[in-house]
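Novice: Okay, here's the structure, questions in a sec.
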There are 2 protein chains.
Amino acid sequence: MDQPELGSRKVAVLRAVVEEYVRSGEPVGSETIAERSGLGVSAATIRNELAALEELGYLMHPHTSAGRIPTDTGYRKYVDTLPPGGRLRDAQRRAIAGFFAETMLDLEDVLKGTTQLLSRVTQYAGLAVPPSGSDEQILRTELIEVGNALMFLVIGQHGRVDKTIVDRPERLEPEGLAALDRKLADVFRGKNAAEAHTEALKSAAAAPAGERPLFLAAADTFANMQMGAGTHHVVVGGVANLADEAAHWRRETVRRLFEALEHESEMLVLLRDVTPDEDVNVTIGAEHPQTGEWEASLVSAPFRAGVTSLGTVGVVGPTAMDYVSVMASVRAVARRLSELATELDA
Amino acid sequence: MDQPELGSRKVAVLRAVVEEYVRSGEPVGSETIAERSGLGVSAATIRNELAALEELGYLMHPHTSAGRIPTDTGYRKYVDTLPPGGRLRDAQRRAIAGFFAETMLDLEDVLKGTTQLLSRVTQYAGLAVPPSGSDEQILRTELIEVGNALMFLVIGQHGRVDKTIVDRPERLEPEGLAALDRKLADVFRGKNAAEAHTEALKSAAAAPAGERPLFLAAADTFANMQMGAGTHHVVVGGVANLADEAAHWRRETVRRLFEALEHESEMLVLLRDVTPDEDVNVTIGAEHPQTGEWEASLVSAPFRAGVTSLGTVGVVGPTAMDYVSVMASVRAVARRLSELATELDA
DNA sequence: CCTAGCACTCTCCGGAGTAGACTGCTAACC
DNA sequence: GGTTAGCAGTCTACTCCGGAGAGTGCTAGG
């Protein structure tokens with residue numbers, strides 16, 4: 001915030017413009033604000049404030065005789081001057097409480113449900129990044145004969161299961177298989193995923209040629225484990241909301257947004273870029289190249305078990321977003337998720 | 001086909017209208033057809049044919065002085081009168097061959113890749129339904145202590161892994177756990193998923209109260225296994241293509257389509273409804289209530305290992321779709337997938 | 001510093017007029 | 001009888017006004 005402090009009336013006017021614009025989608029005129037803001041001043045006074053706010057870069061003018069709409073910087077100022085501790089609407093509170101009242105034990109399922117919950121509650125699209133698993137300890141590994149191939153299975157301390165299928169080495173007796181299974185189990189047990197990955201690569205170099213693919217497959221498995229749960233690294237729900245008329249996005253923008261949502265690593269980087277260590281982050285339009293291209297905003301928050309940060313949940317929607325409600329929802333969901341994860345972890 | 005046979009020139013004219021309309025998105029006039037169809041007759045003659053085709057319900061007129069566009073019945077007739085054995089374009093052939101040239105051993109990964117392949121090759125959205133797993137045999141089961149809960153893990157004969165996490169029963173000694181693990185393994189080994197499911201429910205009824213949740217969790221796991229791979233029952237790729245301008249869909253239609261794609265069971269039923277035992281099926285617009293609502297078409301084909309049908313792949317796009325190319329692509333992909341699956345199964 | 005009033009600007013909307021695209025029909029032709 | 005050229009008729013799409021309305025910016029007065 002290198003911007004100067006705004007007078008409190010300017011803040012009120014900016015707030016009125018943002019909220020009215022988000023509600024109606026139409027540029028907002030001075031008259032409307034004078035009527036509804038409850039400031040008790042005339043439209044002419046508001047006009048002066050509007051001109052000043054435009055000068056400061058918080059508002060813009062589609063054309064001379066239209067009302068004002070907020071710029072990205074305007075939304076930012078709006079968010080920054082929001083009174084802390086936004087309120088959930090009753091229906092939202094109930095939906096969130098209801099969701100977390102069900103007993104759920106598998107984090108993957110929970111996250112899928114969470115994205116749907118967020119999208120339903122906010123009317124935008126919900127996102128979730130599962131724990132990275134880098135420091136998930138290996139509880140055990142197994143090498144299993146599956147058809148004419150082998151499957152290497154890793155079970156993590158928190159119940160994550162990852163697997164890779166690999167061609168069966170030639171001339172492998174049943175006893176050889178059992179021996180290999182024990183060998184692998186001994187090597188990896190108790191290590192975390194990152195250590196196990198390094199170890200697997202080292203062992204691959206040292207192993208006889210016949211066993212090498214096996215160790216490489218193991219390395220892949222651990223690498224995958226570090227990335228996130230299963231093969232799905234970013235969970236998305238409620239994307240249909242993004243195609244809604246109300247968002248009045250250009251078709252092409254929607255298309256690009258969908259493309260990015262499908263390209264998981266891109267989203268992963270974006271979320272990692274913007275999500276803070278605690279509480280809620282808001283990224284508005286051009287503040288990040290990615291969201292800028294979509295003319296979208298991203299509200300995200302981390303969740304944790306105890307003190308260790310696990311993953312991220314969030315919401316994507318148009319820059320003209322109901323920030324108050326979305327921030328409250330994301331905060332509430334992240335908090336509940338943290339409680340749940342802490343409990344599971346205990 | 002209770003429609004009468006069409007004269008061969010009528011077929012040619014219908015084909016020209018469909019192909020030109022799919023290409024340009026504009027209603028097609030008699031002049032255009034006379035020039036490009038290579039029939040060697042004048043526009044006036046074409047006009048007579050067009051009027052006849054409209055009378056038969058294959059074409060329609062947005063308004064008096066516009067060209068013709070095909071009706072759903074028109075597309076159907078077009079597809080039915082297509083010469084068998086459509087050709088792939090070189091680029092498509094290469095993309096498909098390239099994809100299947102990589103060694104891939106895990107069917108889930110393959111299917112995810114397949115949807116992306118199909119969407120890239122056709123410019124519409126790709127779908128895949130994994131094998132149902134009802135008759136996948138249980139290779140082994142394991143009961144593992146994970147944090148303060150238990151995880152029940154099932155490994156199928158083809159390498160599918162399913163798991164459920166369940167609260168730890170109170171007062172369970174380590175020996176008790178080992179005993180339970182053996183007991184469960186004995187009960188389920190060698191059964192197929194459907195049998196195991198029934199068995200689990202039966203055992204749950206008979207088991208002491210403390211063990212009951214465990215058997216119910218096991219039943220859930222098997223139920224899940226019957227549904228499809230992992231928790232994802234329909235794999236979708238390339239949805240961004242559906243938001244493309246070219247499809248000139250109404251926003252609301254796109255929205256409904258996205259909603260349905262996210263609601264997996266709906267898609268599962270649809271695909272099950274329309275996919276034939278072999279070769280390629282085409283469902284056009286109003287031929288199925290679901291596709292009718294989207295003004296979309298669905299091209300699908302089953303893949304199999306040996307003789308048993310495993311799952312389905314397909315493509316969704318606008319009714320004004322390049323059926324020749326899409327059908328050829330879906331057919332080719334289903335065939336390659338069958339070869340791959342048969343090989344994995346051997 | 002606020003307000004009322006007013007001239008000014010610019011979009012939006014409807015109507016009129018026109019160009020262009022196709023059709024459908026008729027009459028001649030092979 | 002099927003085919004063709006020609007032509008009148010129909011309907012959309014586009015453009016070009018002109019007026020209504022919204023909203024601003026400015027000025028002068030409280």
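Simple scheme: letters A, B, ... for chains in structure tokens order, numbers from 1 for residues in each chain, numbers from 1 for ligands in the order shown.
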Please determine the contact residues of chain D with respect to chain A at a cut-off of 9 Å, counting only C-alpha atoms (C1' of nucleotides), and supply them as a PyMOL selection string.
Specialist: chain D and resi 22-25
Novice: May I have the residues of chain C within 10 Å of chain B, counting only C-alpha atoms (C1' of nucleotides), written as a list in words?
Specialist: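 Using only C-alpha atoms (C1' of nucleotides), chain C residues at most 10 Å from chain B: DA21, DC22, DT23 and DG24 of chain C.
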Novice: Generate a file of the selected residues that holds C-alpha atoms (C1' of nucleotides), formatted as a PDB file, in the first residue's frame.
Specialist:
```pdb
ATOM      1  C1'  DA C  21     -29.042 -13.287 -50.537  1.00  0.00           C
ATOM      2  C1'  DC C  22     -32.142 -16.939 -51.678  1.00  0.00           C
ATOM      3  C1'  DT C  23     -36.100 -18.850 -52.812  1.00  0.00           C
ATOM      4  C1'  DG C  24     -40.007 -20.364 -55.592  1.00  0.00           C
TER       5       DG C  24
END
```
Novice: Within range 67-285 of chain A, find each residue whose DSSP state, derived from the backbone, is alpha helix (DSSP H), and express the selection as a ChimeraX atom specification.
Specialist: /A:72-80,90-101,107-122,174-188,193-206,212-227,251-262,264-274
Novice: Within 8 Å of chain B, which residues of chain A are there when counting only C-alpha atoms? Please give them as a PyMOL selection string.
Specialist: chain A and resi 105-106+146-148+151+157-159+164-167+237-241+243-245+251-252+254-259+262+344-346
Novice: Write the residues of the selection above to a file with C-alpha atoms, as a PDB file, in the first residue's frame.
Specialist:
```pdb
ATOM      1  CA  LEU A 105     -12.119 -39.792   6.817  1.00  0.00           C
ATOM      2  CA  ASP A 106     -10.515 -39.741   3.421  1.00  0.00           C
ATOM      3  CA  VAL A 146      -0.428 -58.209 -11.464  1.00  0.00           C
ATOM      4  CA  GLY A 147      -1.184 -60.062 -14.645  1.00  0.00           C
ATOM      5  CA  ASN A 148       2.080 -60.229 -16.507  1.00  0.00           C
ATOM      6  CA  MET A 151       2.857 -53.198  -9.391  1.00  0.00           C
ATOM      7  CA  GLN A 157       1.612 -42.674   7.028  1.00  0.00           C
ATOM      8  CA  HIS A 158      -1.595 -40.721   6.508  1.00  0.00           C
ATOM      9  CA  GLY A 159      -3.221 -43.297   4.298  1.00  0.00           C
ATOM     10  CA  THR A 164       3.084 -47.566 -10.491  1.00  0.00           C
ATOM     11  CA  ILE A 165       2.900 -50.477 -12.855  1.00  0.00           C
ATOM     12  CA  VAL A 166       6.087 -51.707 -14.420  1.00  0.00           C
ATOM     13  CA  ASP A 167       7.025 -54.444 -16.857  1.00  0.00           C
ATOM     14  CA  GLY A 237     -15.623 -28.152  -8.828  1.00  0.00           C
ATOM     15  CA  GLY A 238     -18.503 -26.088 -10.099  1.00  0.00           C
ATOM     16  CA  VAL A 239     -16.874 -24.886 -13.295  1.00  0.00           C
ATOM     17  CA  ALA A 240     -20.296 -24.603 -14.874  1.00  0.00           C
ATOM     18  CA  ASN A 241     -20.736 -21.430 -12.857  1.00  0.00           C
ATOM     19  CA  ALA A 243     -19.964 -20.208 -18.045  1.00  0.00           C
ATOM     20  CA  ASP A 244     -22.829 -18.318 -16.458  1.00  0.00           C
ATOM     21  CA  GLU A 245     -24.192 -15.310 -18.285  1.00  0.00           C
ATOM     22  CA  ARG A 251     -16.244 -16.314 -24.794  1.00  0.00           C
ATOM     23  CA  GLU A 252     -12.576 -16.421 -25.503  1.00  0.00           C
ATOM     24  CA  VAL A 254     -13.898 -18.371 -20.635  1.00  0.00           C
ATOM     25  CA  ARG A 255     -12.152 -20.706 -23.010  1.00  0.00           C
ATOM     26  CA  ARG A 256      -8.721 -19.796 -21.743  1.00  0.00           C
ATOM     27  CA  LEU A 257      -9.842 -20.152 -18.169  1.00  0.00           C
ATOM     28  CA  PHE A 258     -11.120 -23.641 -18.804  1.00  0.00           C
ATOM     29  CA  GLU A 259      -7.945 -24.588 -20.542  1.00  0.00           C
ATOM     30  CA  GLU A 262      -7.476 -28.473 -16.992  1.00  0.00           C
ATOM     31  CA  LEU A 344      -7.428 -36.855  11.600  1.00  0.00           C
ATOM     32  CA  ASP A 345      -3.778 -36.360  12.242  1.00  0.00           C
ATOM     33  CA  ALA A 346      -3.920 -36.644  16.009  1.00  0.00           C
TER      34      ALA A 346
END
```
Novice: Mind checking which residues fall within 12 Å of Leu180 in chain B, counting only C-alpha atoms (C1' of nucleotides), ignoring those fewer than 3 positions away in the same chain, and posting them as a compact mmCIF listing (two decimals) with C-alpha atoms, in the first residue's frame?
Specialist:
```txt
# COMPACT_ATOMS: atom_id res chain seq x y z
CA THR B 141 -6.91 -57.22 0.75
CA GLU B 142 -5.10 -55.54 3.58
CA LEU B 143 -6.10 -53.88 6.78
CA ILE B 144 -3.59 -51.25 7.79
CA GLU B 145 -3.23 -48.98 10.76
CA LEU B 150 -7.73 -48.09 9.87
CA PHE B 152 -8.96 -51.20 4.20
CA PRO B 169 -12.72 -49.87 16.72
CA LEU B 172 -8.24 -53.43 19.38
CA GLU B 173 -4.90 -55.00 20.21
CA PRO B 174 -2.18 -55.37 17.58
CA GLU B 175 -2.81 -59.14 17.56
CA GLY B 176 -6.50 -58.50 17.08
CA LEU B 177 -5.68 -56.35 14.10
CA LYS B 183 -9.88 -63.02 8.41
CA LEU B 184 -10.82 -60.37 5.87
CA ALA B 185 -8.20 -61.55 3.42
CA ASP B 186 -9.51 -65.11 3.61
CA VAL B 187 -13.11 -64.10 3.15
CA ALA B 207 -20.11 -59.90 12.83
CA GLY B 210 -17.31 -53.86 17.13
CA GLU B 211 -16.32 -55.21 13.74
CA ARG B 212 -19.44 -54.21 11.91
CA LEU B 214 -15.23 -52.51 9.23
CA PHE B 215 -17.29 -54.86 7.09
```
Novice: Need the shell around DA20 in chain D: protein/DNA/RNA residues with any atom at most 12 Å away, counting only C-alpha atoms (C1' of nucleotides). Skip same-chain ones fewer than 4 positions apart. Format as JSON, numbers by chain?
Specialist: {"C": [11, 12, 13, 14]}
Novice: Work out how far CA of Ala125 in chain A is from CA of Gly317 in chain A, in Å to one decimal.
Specialist: 6.6 Å
